[in-house]
Amino acid sequence: MLKPICLIILIFVASTAGAANVIFVGSAKPAQRVSMNDIDHSAWQALVAKYVSADGNVNYAAWKTSSADVTVLRQYLGQLSTADPAIAAARGATLAFWINAYNALTIDGILREYPTTTIRNHTAKLFGYNIWDDLRLFVGGTAYSLNQIEHDVLRKLGEPRIHFAIVCASKGCPRLLNQAYTPDQIESQLETNAKDFFSRPENFAVEDDVIKASSILDWFGDDFGKSDGEVIDRVTPWLPAKDRDAIKGKSPRLRYQEYDWSLND
């Protein structure tokens, strides 16, 4: 057992090492703060249209070599910094803002490390840089990590389809949409990407009385229901017709597939 003084030293070293690894993106004190209603996502739209395929794969190599487009990405993240969460905004604008923020910050984090084979190469558990905690975007003067955006902001909005929209740069994730989420299209975009997610057999496949499902439904099951039956009922509207027919009148069990953490390159 560690002696108290050793434990204190270990905690101090861990905390100071963690602080040294933090990367801040955007501006802590933008000249002007605005509502999320007024954020323009056209720069992000142009970037993902250029570098992301219809299937959600990212041409990181080409993006990395374009210093101009890396700059555009960071300028866009700086623009997100001008949003003030304390200023009233429509629900659609809020969802679009934070989904785009999560995806753009993730891409920025990968470009900083590229070439790499998986985001998991950059998720140190104790000492060293953890992209999910140490890469932080200023929004309204507060620095948000990827974990904070996902768990403390987006999940609290009560919209489970965000799990089919935010992308952690991995093949096991939903596809990265090659368009920006926008307030006027957010509903159709979330619905389309949810249906795309469940159309892929690696995410949802019915075999007799067993459903082989993405681990996303395991990790965030509470966002969909309290039991296998509730989760299945909740996702049924997004299933292909053949899968809806296959489970109709049945009580299949959920079994979760191994997550593919390889880079969505």
# chains A, B, ... in the order shown; residues from 1 in each chain; ligands from 1
call {"tool": "residues_around", "arguments": {"residues": "A:Ala31", "least_positions_apart": "5", "cutoff": "12 Å", "atoms": "only C-alpha atoms", "output": "PyMOL selection string"}}
result
chain A and resi 78-79+81-84+140-141
call {"tool": "closest_atom_pairs", "arguments": {"of": "stretch 76-117 of chain A", "to": "stretch 181-197 of chain A", "cutoff": "10 Å", "atoms": "only C-alpha atoms", "output": "JSON lines"}}
result
{"residue": "A:Ala90", "atom": "CA", "partner": "A:Pro183", "partner_atom": "CA", "distance": 8.1}
{"residue": "A:Arg91", "atom": "CA", "partner": "A:Pro183", "partner_atom": "CA", "distance": 8.1}
{"residue": "A:Gly92", "atom": "CA", "partner": "A:Pro183", "partner_atom": "CA", "distance": 4.6}
{"residue": "A:Ala93", "atom": "CA", "partner": "A:Pro183", "partner_atom": "CA", "distance": 4.5}
{"residue": "A:Thr94", "atom": "CA", "partner": "A:Pro183", "partner_atom": "CA", "distance": 7.8}
{"residue": "A:Leu95", "atom": "CA", "partner": "A:Ile186", "partner_atom": "CA", "distance": 7.6}
{"residue": "A:Ala96", "atom": "CA", "partner": "A:Tyr181", "partner_atom": "CA", "distance": 5.0}
{"residue": "A:Phe97", "atom": "CA", "partner": "A:Tyr181", "partner_atom": "CA", "distance": 7.6}
{"residue": "A:Trp98", "atom": "CA", "partner": "A:Tyr181", "partner_atom": "CA", "distance": 9.4}
{"residue": "A:Ile99", "atom": "CA", "partner": "A:Tyr181", "partner_atom": "CA", "distance": 7.3}
{"residue": "A:Asn100", "atom": "CA", "partner": "A:Tyr181", "partner_atom": "CA", "distance": 6.4}
call {"tool": "write_last_selection", "arguments": {"atoms": "C-alpha atoms", "output": "mmCIF file, in the first residue's frame"}}
result
data_model
loop_
_atom_site.group_PDB
_atom_site.id
_atom_site.type_symbol
_atom_site.label_atom_id
_atom_site.label_comp_id
_atom_site.auth_asym_id
_atom_site.auth_seq_id
_atom_site.Cartn_x
_atom_site.Cartn_y
_atom_site.Cartn_z
ATOM 1 C CA ALA A 90 -33.098 27.237 -30.844
ATOM 2 C CA ARG A 91 -32.781 23.542 -30.061
ATOM 3 C CA GLY A 92 -31.855 22.755 -33.674
ATOM 4 C CA ALA A 93 -29.102 25.365 -33.675
ATOM 5 C CA THR A 94 -27.768 24.035 -30.377
ATOM 6 C CA LEU A 95 -27.678 20.437 -31.617
ATOM 7 C CA ALA A 96 -26.049 21.401 -34.915
ATOM 8 C CA PHE A 97 -23.472 23.548 -33.144
ATOM 9 C CA TRP A 98 -22.300 20.913 -30.668
ATOM 10 C CA ILE A 99 -22.333 18.023 -33.168
ATOM 11 C CA ASN A 100 -20.224 20.034 -35.611
#
call {"tool": "select_by_dssp", "arguments": {"residues": "stretch 18-218 of chain A", "states": "strand (DSSP E or B)", "output": "list in words"}}
result
Ile23, Phe24, Val25, Val34, Val52, Val58, Ala83, Thr118, Thr123, Asn130, Leu135, Arg136, Leu137, Phe138, Val139, Thr142, Ala143, Tyr144, Ser145, Ser170, Phe204, Ala205, Val206, Glu207, Val210, Ile211, Lys212 and Ala213 of chain A
call {"tool": "write_last_selection", "arguments": {"atoms": "C-alpha atoms", "output": "PDB file, in the first residue's frame"}}
result
ATOM      1  CA  ILE A  23      -4.150  21.720 -26.000  1.00  0.00           C
ATOM      2  CA  PHE A  24      -6.533  24.677 -26.122  1.00  0.00           C
ATOM      3  CA  VAL A  25      -8.302  25.486 -29.381  1.00  0.00           C
ATOM      4  CA  VAL A  34     -23.164  35.539 -30.163  1.00  0.00           C
ATOM      5  CA  VAL A  52     -14.930  13.228 -46.496  1.00  0.00           C
ATOM      6  CA  VAL A  58     -11.656  11.011 -44.276  1.00  0.00           C
ATOM      7  CA  ALA A  83     -20.839  31.251 -29.382  1.00  0.00           C
ATOM      8  CA  THR A 118      -6.210   4.749 -34.407  1.00  0.00           C
ATOM      9  CA  THR A 123      -5.764   8.255 -25.208  1.00  0.00           C
ATOM     10  CA  ASN A 130      -5.508  11.954 -23.844  1.00  0.00           C
ATOM     11  CA  LEU A 135      -7.920  18.640 -26.494  1.00  0.00           C
ATOM     12  CA  ARG A 136     -10.284  21.439 -25.499  1.00  0.00           C
ATOM     13  CA  LEU A 137     -12.334  23.942 -27.433  1.00  0.00           C
ATOM     14  CA  PHE A 138     -13.189  27.309 -25.921  1.00  0.00           C
ATOM     15  CA  VAL A 139     -16.893  28.087 -26.243  1.00  0.00           C
ATOM     16  CA  THR A 142     -15.191  27.824 -21.170  1.00  0.00           C
ATOM     17  CA  ALA A 143     -12.855  25.085 -22.442  1.00  0.00           C
ATOM     18  CA  TYR A 144     -14.746  21.914 -23.379  1.00  0.00           C
ATOM     19  CA  SER A 145     -13.074  18.559 -23.940  1.00  0.00           C
ATOM     20  CA  SER A 170     -12.974   5.222 -36.004  1.00  0.00           C
ATOM     21  CA  PHE A 204     -27.042  -4.325 -36.504  1.00  0.00           C
ATOM     22  CA  ALA A 205     -27.697  -7.843 -37.739  1.00  0.00           C
ATOM     23  CA  VAL A 206     -30.504 -10.275 -36.835  1.00  0.00           C
ATOM     24  CA  GLU A 207     -29.567 -13.943 -36.511  1.00  0.00           C
ATOM     25  CA  VAL A 210     -30.078 -12.824 -31.375  1.00  0.00           C
ATOM     26  CA  ILE A 211     -29.287  -9.318 -32.523  1.00  0.00           C
ATOM     27  CA  LYS A 212     -25.621  -8.568 -33.062  1.00  0.00           C
ATOM     28  CA  ALA A 213     -25.405  -4.849 -32.389  1.00  0.00           C
TER      29      ALA A 213
END
call {"tool": "closest_residue", "arguments": {"among": "A:Ala180, A:Arg161, A:Gly26, A:Leu154", "to": "A:Asp40", "atoms": "only C-alpha atoms"}}
result
A:Ala180
call {"tool": "closest_residue", "arguments": {"among": "A:Glu113, A:Asp69, A:Glu230, A:Asp218", "to": "A:Glu258", "atoms": "only C-alpha atoms"}}
result
A:Asp218
call {"tool": "decode", "arguments": {"residues": "stretch 218-245 of chain A", "atoms": "N, CA and C atoms", "output": "short mmCIF file (atom, residue, chain, number, x, y, z; two decimals), in the first residue's frame"}}
result
data_model
loop_
_atom_site.label_atom_id
_atom_site.label_comp_id
_atom_site.auth_asym_id
_atom_site.auth_seq_id
_atom_site.Cartn_x
_atom_site.Cartn_y
_atom_site.Cartn_z
N ASP A 218 -24.56 -0.56 -26.32
CA ASP A 218 -24.20 -1.06 -24.99
C ASP A 218 -23.70 0.10 -24.13
N TRP A 219 -22.75 0.85 -24.65
CA TRP A 219 -22.15 1.94 -23.89
C TRP A 219 -23.17 3.01 -23.51
N PHE A 220 -24.13 3.27 -24.41
CA PHE A 220 -25.09 4.35 -24.18
C PHE A 220 -26.52 3.83 -24.12
N GLY A 221 -26.65 2.59 -23.66
CA GLY A 221 -27.96 1.95 -23.63
C GLY A 221 -29.00 2.76 -22.87
N ASP A 222 -28.59 3.42 -21.80
CA ASP A 222 -29.55 4.19 -21.00
C ASP A 222 -30.18 5.33 -21.79
N ASP A 223 -29.52 5.76 -22.86
CA ASP A 223 -30.09 6.83 -23.69
C ASP A 223 -31.20 6.31 -24.59
N PHE A 224 -31.31 4.99 -24.68
CA PHE A 224 -32.32 4.39 -25.55
C PHE A 224 -33.39 3.63 -24.76
N GLY A 225 -33.06 3.16 -23.58
CA GLY A 225 -34.02 2.41 -22.78
C GLY A 225 -33.33 1.71 -21.63
N LYS A 226 -34.14 1.11 -20.75
CA LYS A 226 -33.61 0.46 -19.55
C LYS A 226 -33.45 -1.04 -19.70
N SER A 227 -33.90 -1.59 -20.80
CA SER A 227 -33.80 -3.04 -21.01
C SER A 227 -33.56 -3.30 -22.49
N ASP A 228 -33.18 -4.55 -22.82
CA ASP A 228 -32.99 -4.90 -24.23
C ASP A 228 -34.25 -4.61 -25.03
N GLY A 229 -35.39 -4.95 -24.46
CA GLY A 229 -36.65 -4.73 -25.16
C GLY A 229 -36.91 -3.27 -25.45
N GLU A 230 -36.65 -2.40 -24.47
CA GLU A 230 -36.85 -0.96 -24.67
C GLU A 230 -35.89 -0.40 -25.70
N VAL A 231 -34.64 -0.87 -25.65
CA VAL A 231 -33.64 -0.40 -26.63
C VAL A 231 -34.06 -0.81 -28.03
N ILE A 232 -34.47 -2.06 -28.19
CA ILE A 232 -34.88 -2.54 -29.52
C ILE A 232 -36.10 -1.77 -30.02
N ASP A 233 -37.07 -1.55 -29.14
CA ASP A 233 -38.25 -0.78 -29.54
C ASP A 233 -37.87 0.64 -29.97
N ARG A 234 -36.91 1.22 -29.27
CA ARG A 234 -36.52 2.60 -29.56
C ARG A 234 -35.83 2.72 -30.91
N VAL A 235 -35.01 1.73 -31.27
CA VAL A 235 -34.26 1.84 -32.52
C VAL A 235 -35.01 1.27 -33.71
N THR A 236 -36.11 0.56 -33.47
CA THR A 236 -36.85 -0.08 -34.56
C THR A 236 -37.22 0.86 -35.69
N PRO A 237 -37.66 2.11 -35.43
CA PRO A 237 -38.00 3.00 -36.56
C PRO A 237 -36.86 3.28 -37.51
N TRP A 238 -35.63 3.06 -37.07
CA TRP A 238 -34.47 3.35 -37.92
C TRP A 238 -33.95 2.10 -38.63
N LEU A 239 -34.58 0.95 -38.40
CA LEU A 239 -34.09 -0.29 -38.98
C LEU A 239 -34.58 -0.45 -40.42
N PRO A 240 -33.80 -1.17 -41.25
CA PRO A 240 -34.30 -1.55 -42.57
C PRO A 240 -35.54 -2.44 -42.42
N ALA A 241 -36.39 -2.45 -43.42
CA ALA A 241 -37.64 -3.21 -43.36
C ALA A 241 -37.40 -4.68 -43.07
N LYS A 242 -36.34 -5.25 -43.65
CA LYS A 242 -36.09 -6.68 -43.45
C LYS A 242 -35.78 -7.00 -41.99
N ASP A 243 -35.10 -6.09 -41.31
CA ASP A 243 -34.79 -6.32 -39.90
C ASP A 243 -36.00 -6.07 -39.02
N ARG A 244 -36.81 -5.09 -39.37
CA ARG A 244 -38.05 -4.89 -38.61
C ARG A 244 -38.95 -6.11 -38.70
N ASP A 245 -39.03 -6.69 -39.92
CA ASP A 245 -39.85 -7.88 -40.10
C ASP A 245 -39.27 -9.08 -39.34
#
